[in-house]
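Shown below: run-v1.cif, with mmCIF, C-alpha atoms.
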data_structure
loop_
_atom_site.label_atom_id
_atom_site.label_comp_id
_atom_site.auth_asym_id
_atom_site.auth_seq_id
_atom_site.Cartn_x
_atom_site.Cartn_y
_atom_site.Cartn_z
CA MET A 189 16.22 -12.89 -8.46
CA ASP A 190 16.65 -12.04 -4.77
CA ARG A 191 18.52 -12.96 -1.62
CA VAL A 192 16.67 -15.23 0.77
CA LEU A 193 16.77 -13.79 4.28
CA LEU A 194 14.35 -16.38 5.67
CA HIS A 195 13.55 -19.53 3.73
CA ARG A 196 9.96 -20.72 3.77
CA THR A 197 9.41 -21.67 7.40
CA ARG A 198 6.49 -22.71 9.52
CA LEU A 199 4.77 -19.60 10.83
CA ALA A 200 4.64 -21.08 14.32
CA TYR A 201 8.41 -20.56 14.60
CA VAL A 202 8.40 -16.89 13.57
CA HIS A 203 6.96 -13.84 15.34
CA VAL A 204 5.94 -11.61 12.43
CA ARG A 205 5.70 -8.40 14.46
CA HIS A 206 9.18 -8.95 15.88
CA LEU A 207 10.49 -9.71 12.40
CA LEU A 208 9.12 -6.43 11.06
CA THR A 209 10.36 -4.48 14.07
CA ASP A 210 13.87 -5.89 13.70
CA ALA A 211 13.83 -5.06 9.99
CA LYS A 212 13.14 -1.46 10.93
CA ARG A 213 15.54 -1.11 13.86
CA ASP A 214 18.52 -3.14 12.73
CA ARG A 215 20.52 -1.02 10.30
CA ALA A 216 21.93 -4.12 8.62
CA ALA A 217 18.39 -5.43 8.03
CA ARG A 218 17.00 -2.26 6.46
CA VAL A 219 16.63 -3.84 3.08
CA PHE A 220 14.23 -3.63 0.18
CA GLY A 221 12.27 -6.85 0.05
CA TYR A 222 9.07 -8.69 0.77
CA VAL A 223 7.60 -11.03 3.35
CA GLY A 224 5.26 -13.75 2.10
CA VAL A 225 2.80 -15.30 4.54
CA TRP A 226 0.77 -18.40 3.66
CA LEU A 227 -2.32 -18.75 5.85
CA PRO A 228 -5.01 -21.44 5.59
CA GLU A 229 -7.44 -19.10 3.84
CA GLU A 230 -5.21 -16.58 2.09
CA PHE A 231 -1.76 -15.45 1.05
CA LEU A 232 -0.32 -12.13 2.25
CA LEU A 233 2.54 -10.22 0.67
CA LEU A 234 4.16 -7.46 2.72
CA TYR A 235 6.37 -4.98 0.86
CA LEU A 236 9.33 -3.37 2.65
CA GLN A 237 11.59 -0.47 1.70
CA GLU A 238 14.68 0.12 3.83
CA GLY A 239 13.18 -2.19 6.43
CA GLU A 240 9.90 -0.23 6.64
CA LEU A 241 6.60 -1.92 5.84
CA VAL A 242 5.15 0.31 3.10
CA ASN A 243 2.44 -1.72 1.36
CA ALA A 244 0.58 -5.02 1.43
CA THR A 245 -1.63 -7.23 -0.72
CA ARG A 246 -3.68 -10.34 -0.13
CA SER A 247 -5.12 -13.15 -2.24
CA SER A 248 -7.41 -16.05 -1.51
CA ASP A 249 -6.40 -18.00 -4.63
CA GLY A 250 -2.90 -16.78 -5.48
CA VAL A 251 -4.17 -15.25 -8.73
CA ARG A 252 -6.42 -12.32 -7.87
CA PHE A 253 -4.90 -9.85 -5.41
CA GLN A 254 -6.19 -6.80 -3.62
CA GLN A 255 -4.37 -4.06 -1.76
CA ILE A 256 -4.98 -3.95 1.98
CA ALA A 257 -4.04 -1.52 4.73
CA LEU A 258 -0.81 -2.14 6.62
CA ALA A 259 -2.43 -2.54 10.02
CA ASP A 260 -4.98 -4.94 8.56
CA ALA A 261 -2.26 -7.03 6.91
CA VAL A 262 -0.29 -7.44 10.13
CA ALA A 263 -3.46 -8.09 12.15
CA ARG A 264 -4.41 -10.95 9.81
CA VAL A 265 -1.37 -12.94 10.94
CA PRO A 266 -2.27 -14.88 14.13
CA MET A 267 -0.12 -14.15 17.17
CA GLN A 268 0.20 -17.88 17.83
CA ALA A 269 -0.26 -19.53 14.46
CA GLU A 270 -0.69 -23.29 14.35
CA PHE A 271 -0.75 -23.40 10.59
CA GLY A 272 0.88 -21.38 7.83
CA ASP A 273 4.30 -20.56 6.42
CA ILE A 274 6.42 -17.45 6.04
CA CYS A 275 9.42 -16.32 4.00
CA PHE A 276 11.49 -13.13 3.82
CA HIS A 277 13.31 -12.20 0.60
CA GLU A 278 15.48 -9.26 -0.27
CA ALA A 279 14.55 -7.76 -3.65
CA ASP A 280 15.46 -4.78 -5.80
CA ASP A 281 13.05 -1.86 -5.52
CA GLU A 282 12.32 -2.14 -9.24
CA GLN A 283 11.30 -5.76 -8.77
CA LEU A 284 8.94 -4.80 -5.94
CA ALA A 285 7.26 -2.24 -8.22
CA MET A 286 6.87 -4.88 -10.94
CA MET A 287 5.38 -7.39 -8.51
CA PHE A 288 2.91 -4.86 -7.13
CA GLN A 289 1.82 -3.82 -10.62
CA ALA A 290 1.38 -7.41 -11.79
CA GLN A 291 -0.80 -8.19 -8.78
CA LEU A 292 -3.16 -5.24 -9.06
CA LEU A 293 -3.27 -4.02 -12.66
CA PRO A 294 -4.58 -5.81 -15.76
CA PRO A 295 -1.91 -6.82 -18.29
CA LEU A 296 -1.63 -5.49 -21.82
CA SER A 297 -2.96 -7.67 -24.60
CA TRP A 298 -0.71 -9.74 -26.83
CA PRO A 299 -1.64 -10.11 -30.52
CA ALA A 300 -4.04 -13.01 -30.94
CA GLU A 301 -1.74 -14.76 -33.41
CA LEU A 302 1.34 -14.55 -31.16
CA SER A 303 2.46 -17.69 -29.35
CA THR A 304 3.50 -16.34 -25.95
CA LEU A 305 5.38 -19.56 -25.15
CA ASP A 306 7.66 -19.03 -28.14
CA ALA A 307 10.59 -16.95 -26.88
CA ASP A 308 11.67 -15.94 -30.39
CA ALA A 309 8.17 -14.69 -31.20
CA VAL A 310 7.89 -12.78 -27.93
CA LEU A 311 11.28 -11.12 -28.31
CA ALA A 312 10.60 -10.26 -31.95
CA TYR A 313 7.28 -8.64 -31.01
CA LEU A 314 8.87 -6.57 -28.25
CA HIS A 315 11.61 -5.41 -30.61
CA ALA A 316 9.17 -4.59 -33.42
CA THR A 317 6.95 -2.52 -31.14
CA MET A 318 9.88 -0.90 -29.29
CA HIS A 319 7.98 -1.69 -26.12
CA ASP A 320 8.83 0.02 -22.83
CA GLY A 321 7.50 -1.91 -19.88
CA THR A 322 7.81 -5.11 -17.91
CA LEU A 323 7.23 -8.83 -18.31
CA GLU A 324 5.94 -11.28 -15.74
CA VAL A 325 6.79 -14.91 -16.40
CA ARG A 326 5.02 -17.58 -14.39
CA VAL A 327 6.23 -21.15 -14.31
CA GLY A 328 4.21 -23.20 -11.89
CA ASP A 329 4.03 -21.26 -8.62
CA ASP A 330 7.13 -19.19 -9.39
CA ALA A 331 7.00 -15.69 -10.84
CA SER A 332 9.88 -13.87 -12.54
CA TYR A 333 10.12 -10.34 -13.89
CA ALA A 334 12.01 -8.48 -16.60
CA SER A 335 12.42 -4.83 -17.52
CA VAL A 336 11.97 -3.97 -21.20
CA ARG A 337 13.31 -0.78 -22.79
CA PHE A 338 13.03 0.05 -26.49
CA GLY A 339 11.97 -3.53 -27.13
CA ARG A 340 14.92 -5.20 -25.43
CA LEU A 341 15.22 -6.96 -22.09
CA VAL A 342 17.64 -4.86 -20.04
CA ARG A 343 17.27 -6.43 -16.59
CA GLY A 344 15.70 -9.53 -15.19
CA TYR A 345 14.69 -10.89 -11.81
CA PHE A 346 14.34 -14.60 -12.48
CA THR A 347 13.72 -17.51 -10.17
CA ASN A 348 16.72 -19.85 -10.12
CA ALA A 349 18.54 -17.72 -12.68
CA GLU A 350 21.54 -19.46 -14.23
CA SER A 351 23.12 -16.30 -15.66
CA THR A 352 22.80 -12.51 -15.73
CA ASP A 353 21.57 -12.59 -19.33
CA ALA A 354 17.87 -11.66 -19.16
CA GLU A 355 17.05 -13.04 -22.62
CA ALA A 356 18.74 -16.36 -21.84
CA ASN A 357 16.79 -16.66 -18.62
CA LEU A 358 13.54 -15.84 -20.41
CA ARG A 359 14.20 -18.54 -23.01
CA ARG A 360 14.97 -21.07 -20.30
CA GLN A 361 11.78 -20.23 -18.41
CA LEU A 362 9.55 -20.51 -21.47
CA ALA A 363 11.25 -23.77 -22.49
CA SER A 364 10.42 -25.28 -19.09
CA SER A 365 8.61 -28.59 -19.20
CA HIS A 366 6.32 -27.41 -16.40
CA ALA A 367 2.67 -27.72 -17.41
CA VAL A 368 1.69 -24.23 -16.28
CA ARG A 369 3.53 -21.42 -18.03
CA GLU A 370 2.35 -17.87 -18.67
CA ILE A 371 3.93 -14.60 -19.74
CA ARG A 372 2.19 -11.26 -19.22
CA LEU A 373 3.04 -7.83 -20.61
CA PHE A 374 2.74 -4.58 -18.65
CA PRO A 375 3.65 -0.93 -19.10
CA VAL A 376 6.57 0.57 -17.19
CA ALA A 377 5.95 -0.01 -13.48
CA ARG A 378 5.46 3.08 -11.38
CA PRO A 379 7.46 3.30 -8.15
CA LEU A 380 6.04 1.16 -5.37
CA PRO A 381 3.50 3.32 -3.50
CA SER A 382 3.98 3.77 0.23
CA GLN A 383 0.86 3.75 2.37
CA ALA A 384 0.35 6.27 5.15
CA ALA A 385 1.77 4.84 8.37
CA PRO A 386 -0.86 3.50 10.82
CA SER A 387 0.43 5.92 13.48
CA LEU A 388 -0.25 8.89 11.19
CA VAL A 389 -3.71 7.58 10.31
CA GLN A 390 -4.53 7.21 14.01
CA ALA A 391 -3.26 10.72 14.68
CA TYR A 392 -5.65 12.05 12.04
CA ARG A 393 -8.54 10.02 13.49
CA ASP A 394 -7.86 11.54 16.89
CA LEU A 395 -7.60 15.03 15.39
CA VAL A 396 -10.94 14.81 13.61
CA GLN A 397 -12.70 13.36 16.63
CA THR A 398 -11.37 16.04 18.97
CA ALA A 399 -12.31 18.74 16.45
CA VAL A 400 -15.87 17.46 16.37
CA ALA A 401 -15.91 17.21 20.16
CA ARG A 402 -14.69 20.82 20.41
CA LEU A 403 -17.58 21.96 18.20
CA GLU A 404 -20.05 20.01 20.34
CA ALA A 405 -18.66 21.59 23.51
CA SER A 406 -19.19 25.02 21.94
CA GLY A 407 -22.87 24.38 21.39
CA CYS A 408 -22.93 22.69 17.98
CA ALA A 409 -24.94 19.63 18.99
CA ASP A 410 -25.15 18.27 15.45
CA ALA A 411 -21.38 18.51 14.84
CA PRO A 412 -21.03 14.76 14.08
CA ALA A 413 -23.79 14.94 11.48
CA ILE A 414 -22.23 18.04 9.91
CA ALA A 415 -18.84 16.33 9.83
CA GLU A 416 -20.36 13.33 8.08
CA ARG A 417 -22.09 15.48 5.48
CA VAL A 418 -18.84 17.27 4.75
CA ARG A 419 -16.91 13.99 4.54
CA LEU A 420 -19.40 12.43 2.13
CA ALA A 421 -19.32 15.56 -0.04
CA LEU A 422 -15.53 15.29 -0.30
CA VAL A 423 -15.04 11.54 -0.55
CA GLN A 424 -15.16 11.42 -4.35
CA GLU A 425 -12.34 13.96 -4.60
CA HIS A 426 -10.49 12.41 -1.63
CA PRO A 427 -11.11 8.63 -1.60
CA ALA A 428 -9.09 8.20 1.61
CA LEU A 429 -12.01 9.76 3.50
CA ALA A 430 -14.03 6.60 2.86
CA GLN A 431 -12.16 5.07 5.82
CA PHE A 432 -12.80 7.95 8.23
CA GLY A 433 -16.57 7.69 8.78
CA LEU A 434 -18.05 8.96 12.04
CA ALA A 435 -21.12 7.67 13.86
CA GLN A 436 -22.38 9.14 17.11
CA LEU A 437 -22.51 6.56 19.91
CA GLY A 438 -23.88 8.58 22.78
CA ARG A 439 -23.46 12.23 23.57
CA ASP A 440 -19.68 12.35 24.00
CA HIS A 441 -18.42 9.37 22.04
CA LEU A 442 -17.57 9.09 18.37
CA ALA A 443 -16.67 5.88 16.58
CA SER A 444 -16.51 4.67 13.02
CA ALA A 445 -18.69 1.99 11.54
CA PRO A 446 -16.76 -1.31 11.12
CA ALA A 447 -16.34 -0.93 7.36
CA GLU A 448 -15.04 2.60 7.84
CA ARG A 449 -12.54 1.79 10.59
CA ALA A 450 -10.10 0.06 8.23
CA ASP A 451 -7.11 2.24 7.47
CA PRO A 452 -6.86 3.86 4.02
CA VAL A 453 -4.43 2.39 1.49
CA GLN A 454 -3.48 5.78 0.04
CA ASP A 455 -0.09 7.35 0.71
CA ALA A 456 0.58 9.93 3.42
CA ARG A 457 0.28 12.86 1.02
CA ASP A 458 -3.20 11.84 -0.16
CA VAL A 459 -4.43 11.08 3.35
CA THR A 460 -3.06 14.38 4.62
CA ALA A 461 -4.71 16.31 1.79
CA ALA A 462 -8.01 14.55 2.53
CA ILE A 463 -7.98 15.40 6.25
CA GLY A 464 -6.90 18.96 5.51
CA ALA A 465 -9.81 19.45 3.09
CA TRP A 466 -12.26 17.92 5.56
CA LEU A 467 -11.23 20.07 8.52
CA THR A 468 -10.97 23.20 6.37
CA SER A 469 -14.56 22.80 5.24
CA LEU A 470 -15.89 21.69 8.63
CA LEU A 471 -14.20 24.33 10.79
CA GLY A 472 -14.37 27.06 8.18
CA ASP A 473 -18.17 26.88 8.24
CA ALA A 474 -19.06 25.69 11.73
CA ALA A 475 -16.41 27.25 13.99
CA PRO A 476 -17.25 30.98 13.48
CA THR A 477 -20.96 30.26 13.96
CA HIS A 478 -20.23 29.01 17.48
CA GLY A 479 -17.71 31.62 18.54
CA LEU A 480 -14.57 29.74 17.53
CA GLN A 481 -11.74 30.65 15.21
CA ALA A 482 -10.67 27.77 13.00
CA PRO A 483 -6.90 28.50 13.17
CA ALA A 484 -7.05 28.70 16.97
CA VAL A 485 -8.95 25.41 17.17
CA ILE A 486 -6.39 23.67 14.94
CA ALA A 487 -3.51 25.15 16.94
CA SER A 488 -4.87 23.92 20.26
CA LEU A 489 -5.72 20.45 18.95
CA THR A 490 -2.42 19.85 17.18
CA ARG A 491 -0.01 21.36 19.72
CA GLU A 492 1.25 18.06 21.17
CA ARG A 493 1.71 16.43 17.76
CA ARG A 494 2.57 19.52 15.76
CA HIS A 495 5.97 18.20 14.70
CA SER A 496 4.46 15.01 13.28
CA PHE A 497 1.71 16.94 11.49
CA HIS A 498 4.26 19.41 10.18
CA SER A 499 6.42 16.57 8.80
CA ALA A 500 3.37 15.15 7.03
CA GLY A 501 2.63 18.54 5.43
CA PHE A 502 -0.75 18.87 7.15
CA PHE A 503 -0.53 22.59 7.91
CA GLU A 504 0.26 23.31 4.28
CA THR A 505 -3.18 21.95 3.32
CA LEU A 506 -4.98 24.60 5.39
CA PRO A 507 -6.02 28.00 3.98
CA TRP A 508 -4.99 29.88 7.13
CA PRO A 509 -1.70 30.07 9.06
CA VAL A 510 -1.56 28.20 12.36
CA ARG A 511 0.43 29.74 15.22
CA TRP A 512 1.03 28.47 18.74
#
If you convert what's in this file into structure tokens, what do you get?
Amino acid sequence: MDRVLLHRTRLAYVHVRHLLTDAKRDRAARVFGYVGVWLPEEFLLLYLQEGELVNATRSSDGVRFQQIALADAVARVPMQAEFGDICFHEADDEQLAMMFQAQLLPPLSWPAELSTLDADAVLAYLHATMHDGTLEVRVGDDASYASVRFGRLVRGYFTNAESTDAEANLRRQLASSHAVREIRLFPVARPLPSQAAPSLVQAYRDLVQTAVARLEASGCADAPAIAERVRLALVQEHPALAQFGLAQLGRDHLASAPAERADPVQDARDVTAAIGAWLTSLLGDAAPTHGLQAPAVIASLTRERRHSFHSAGFFETLPWPVRW
């Protein structure tokens, strides 16, 4: 199913931030895989692609999961943990996509008359329906996955697999004497989404705050309120903006409310499009009224980080060219 890079170990013996940093810096460690962290109150699963942390989920019961921001996931792991365990497994990218889908999306329904613990019945149903998708097989606390194409199992990622034959492994899993067995059906898993990096999110926070501050300095005293109205008007089209709320704390200080300071879970493209739409609307309306030109404001505020913003595609989201 995967290669164990770190067997389940007490969290007190492992520095998670160093582990993730080494996975990113060490060329030999730039693998596709996942890090599981068992804490007293929850379980965290960190997804890595080529050594980079790209997504994360959490669960308080091991059954219901929710996606969480990367920075939040890492921050939930105590620096000096007295309790908890951790493991690090290499895994195929397809397996990671299947795991992520099974955690966050509802499964497809089996026919009511089908016995899902009968391997022959399950395989016959898949073949009859020419199903394209994935299977998740749970036996006790272990979860295995299989890729189904045209009703046949073509690849499998099974716990304690005894062969490379996916059907044989499925039969063995369903024939297990373990009391808790379950098999769930899903559509074809989409590629594992990659969240916007925390550094990019912070860069956008800084950009928005300095843009609002520039408007205030030019005489637009209600710039924070205008920015909030624009954000709320756009949040349905750009959900990432839900995590970029502004609240005025004194004349020259802007900060987000606690619930709005969490990083977005969307990918870099969606976050970039959201910030581009926000600043386009805000500066397009407010800047000329106060003697400013929106392209010039953007140019001056992004000069130091222009290469990072360019790599993220930010300038392509704006309706006017930006020149330095």
| the PyMOL selection byres ((chain A and resi 308-325) around 8) resolved against shown file, as a VMD selection string | chain A and resid 286 290 302 to 307 326 to 327 331 to 340 358 361 369 to 377
| request: Might you pull out every residue within 8 Å of Arg205 of chain A, with only C-alpha atoms counted and same-chain residues fewer than 3 positions away left off, and present them as number ranges by chain? | output: A: 208-209, 262
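Closest to Gly464 of chain A among A:Leu429, A:Ala450, A:Leu434, A:Ala244 is A:Leu429, based on only C-alpha atoms.
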| query | Any idea what's packed within 12 Å of Arg457 of chain A, counting all atoms listed in the file, ignoring anything in its chain fewer than 6 positions away? Could you give it as a PyMOL selection string? | reply | chain A and resi 381-385+388-389+426+428+463-464+497-505
| request: Spell out the residues picked by the PyMOL selection byres ((chain A and resi 474) around 12) here, as an MDAnalysis selection string. | output: chainID A and resid 399:400 402:404 406:415 418 467:473 475:482 485
| said: Please return as a list in words every residue within 10 Å of (15.7, -20.3, -18.8), taking into account all atoms listed in the file and the file's own coordinates. | reply: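 Answer for this query, in the requested form: Phe346, Thr347, Asn348, Ala349, Glu350, Ser351, Asp353, Ala354, Glu355, Ala356, Asn357, Leu358, Arg359, Arg360, Gln361, Leu362, Ala363 and Ser364 of chain A.
Pairwise distance (atom CA of Asp281 of chain A, atom CA of Tyr201 of chain A) equals 27.9 Å.
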| request: One decimal, Å: what's the distance from atom CA of Pro452 of chain A over to atom CA of Gln289 of chain A, could you say? | output: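 So the two atoms, atom CA of Pro452 of chain A and atom CA of Gln289 of chain A, lie 18.7 Å apart.
The space between atom CA of Trp512 of chain A and atom CA of Ala462 of chain A spans 23.2 Å.
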Selected by the PyMOL selection byres ((chain A and resi 230-236) around 7) in the shown coordinates: which residues, as a PDB file with C-alpha atoms, in the coordinates of the input?
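The result, written out as expr-v6.pdb:
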ATOM      1  CA  PHE A 220      14.230  -3.630   0.180  1.00  0.00           C
ATOM      2  CA  GLY A 221      12.270  -6.850   0.050  1.00  0.00           C
ATOM      3  CA  TYR A 222       9.070  -8.690   0.770  1.00  0.00           C
ATOM      4  CA  VAL A 223       7.600 -11.030   3.350  1.00  0.00           C
ATOM      5  CA  GLY A 224       5.260 -13.750   2.100  1.00  0.00           C
ATOM      6  CA  VAL A 225       2.800 -15.300   4.540  1.00  0.00           C
ATOM      7  CA  TRP A 226       0.770 -18.400   3.660  1.00  0.00           C
ATOM      8  CA  LEU A 227      -2.320 -18.750   5.850  1.00  0.00           C
ATOM      9  CA  PRO A 228      -5.010 -21.440   5.590  1.00  0.00           C
ATOM     10  CA  GLU A 229      -7.440 -19.100   3.840  1.00  0.00           C
ATOM     11  CA  GLN A 237      11.590  -0.470   1.700  1.00  0.00           C
ATOM     12  CA  GLU A 238      14.680   0.120   3.830  1.00  0.00           C
ATOM     13  CA  GLY A 239      13.180  -2.190   6.430  1.00  0.00           C
ATOM     14  CA  GLU A 240       9.900  -0.230   6.640  1.00  0.00           C
ATOM     15  CA  LEU A 241       6.600  -1.920   5.840  1.00  0.00           C
ATOM     16  CA  VAL A 242       5.150   0.310   3.100  1.00  0.00           C
ATOM     17  CA  ASN A 243       2.440  -1.720   1.360  1.00  0.00           C
ATOM     18  CA  ALA A 244       0.580  -5.020   1.430  1.00  0.00           C
ATOM     19  CA  THR A 245      -1.630  -7.230  -0.720  1.00  0.00           C
ATOM     20  CA  ARG A 246      -3.680 -10.340  -0.130  1.00  0.00           C
ATOM     21  CA  SER A 247      -5.120 -13.150  -2.240  1.00  0.00           C
ATOM     22  CA  SER A 248      -7.410 -16.050  -1.510  1.00  0.00           C
ATOM     23  CA  ASP A 249      -6.400 -18.000  -4.630  1.00  0.00           C
ATOM     24  CA  GLY A 250      -2.900 -16.780  -5.480  1.00  0.00           C
TER      25      GLY A 250
END
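Residue nearest Trp508 of chain A within the list A:Arg494, A:Arg419, A:Ile486, A:Arg191: A:Ile486 [criterion: smallest interatomic distance, all atoms listed in the file].
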| task | Can you work out which one of A:Val265, A:Ile274, A:Leu422, A:Val510 has the shortest atom-to-atom distance to Leu199 of chain A, counting all atoms listed in the file? | result | A:Ile274
| message | Just want the 9 Å neighbourhood of Met267 of chain A, counted on all atoms listed in the file, with same-chain residues fewer than 6 positions away dropped. Output as a PyMOL selection string. | response | chain A and resi 200+203-205
| Best match for closeness to Met287 of chain A among A:Val251, A:Leu380, A:Val202, A:Ala261, counting all atoms listed in the file |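 Among A:Val251, A:Leu380, A:Val202, A:Ala261, it is A:Leu380 that comes nearest to Met287 of chain A.
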Quick one: segment 271-283 of chain A with C-alpha atoms, as a PDB file, in the first residue's frame?
ATOM      1  CA  PHE A 271       0.978  12.847  24.402  1.00  0.00           C
ATOM      2  CA  GLY A 272       0.234  11.742  20.858  1.00  0.00           C
ATOM      3  CA  ASP A 273       1.728   9.681  18.050  1.00  0.00           C
ATOM      4  CA  ILE A 274       2.958  10.345  14.535  1.00  0.00           C
ATOM      5  CA  CYS A 275       3.715   8.354  11.382  1.00  0.00           C
ATOM      6  CA  PHE A 276       5.050   9.215   7.926  1.00  0.00           C
ATOM      7  CA  HIS A 277       4.132   7.048   4.924  1.00  0.00           C
ATOM      8  CA  GLU A 278       5.072   7.308   1.289  1.00  0.00           C
ATOM      9  CA  ALA A 279       2.048   6.863  -0.991  1.00  0.00           C
ATOM     10  CA  ASP A 280       1.195   7.087  -4.664  1.00  0.00           C
ATOM     11  CA  ASP A 281      -0.399  10.380  -5.699  1.00  0.00           C
ATOM     12  CA  GLU A 282      -3.491   8.497  -6.859  1.00  0.00           C
ATOM     13  CA  GLN A 283      -3.856   6.974  -3.407  1.00  0.00           C
TER      14      GLN A 283
END
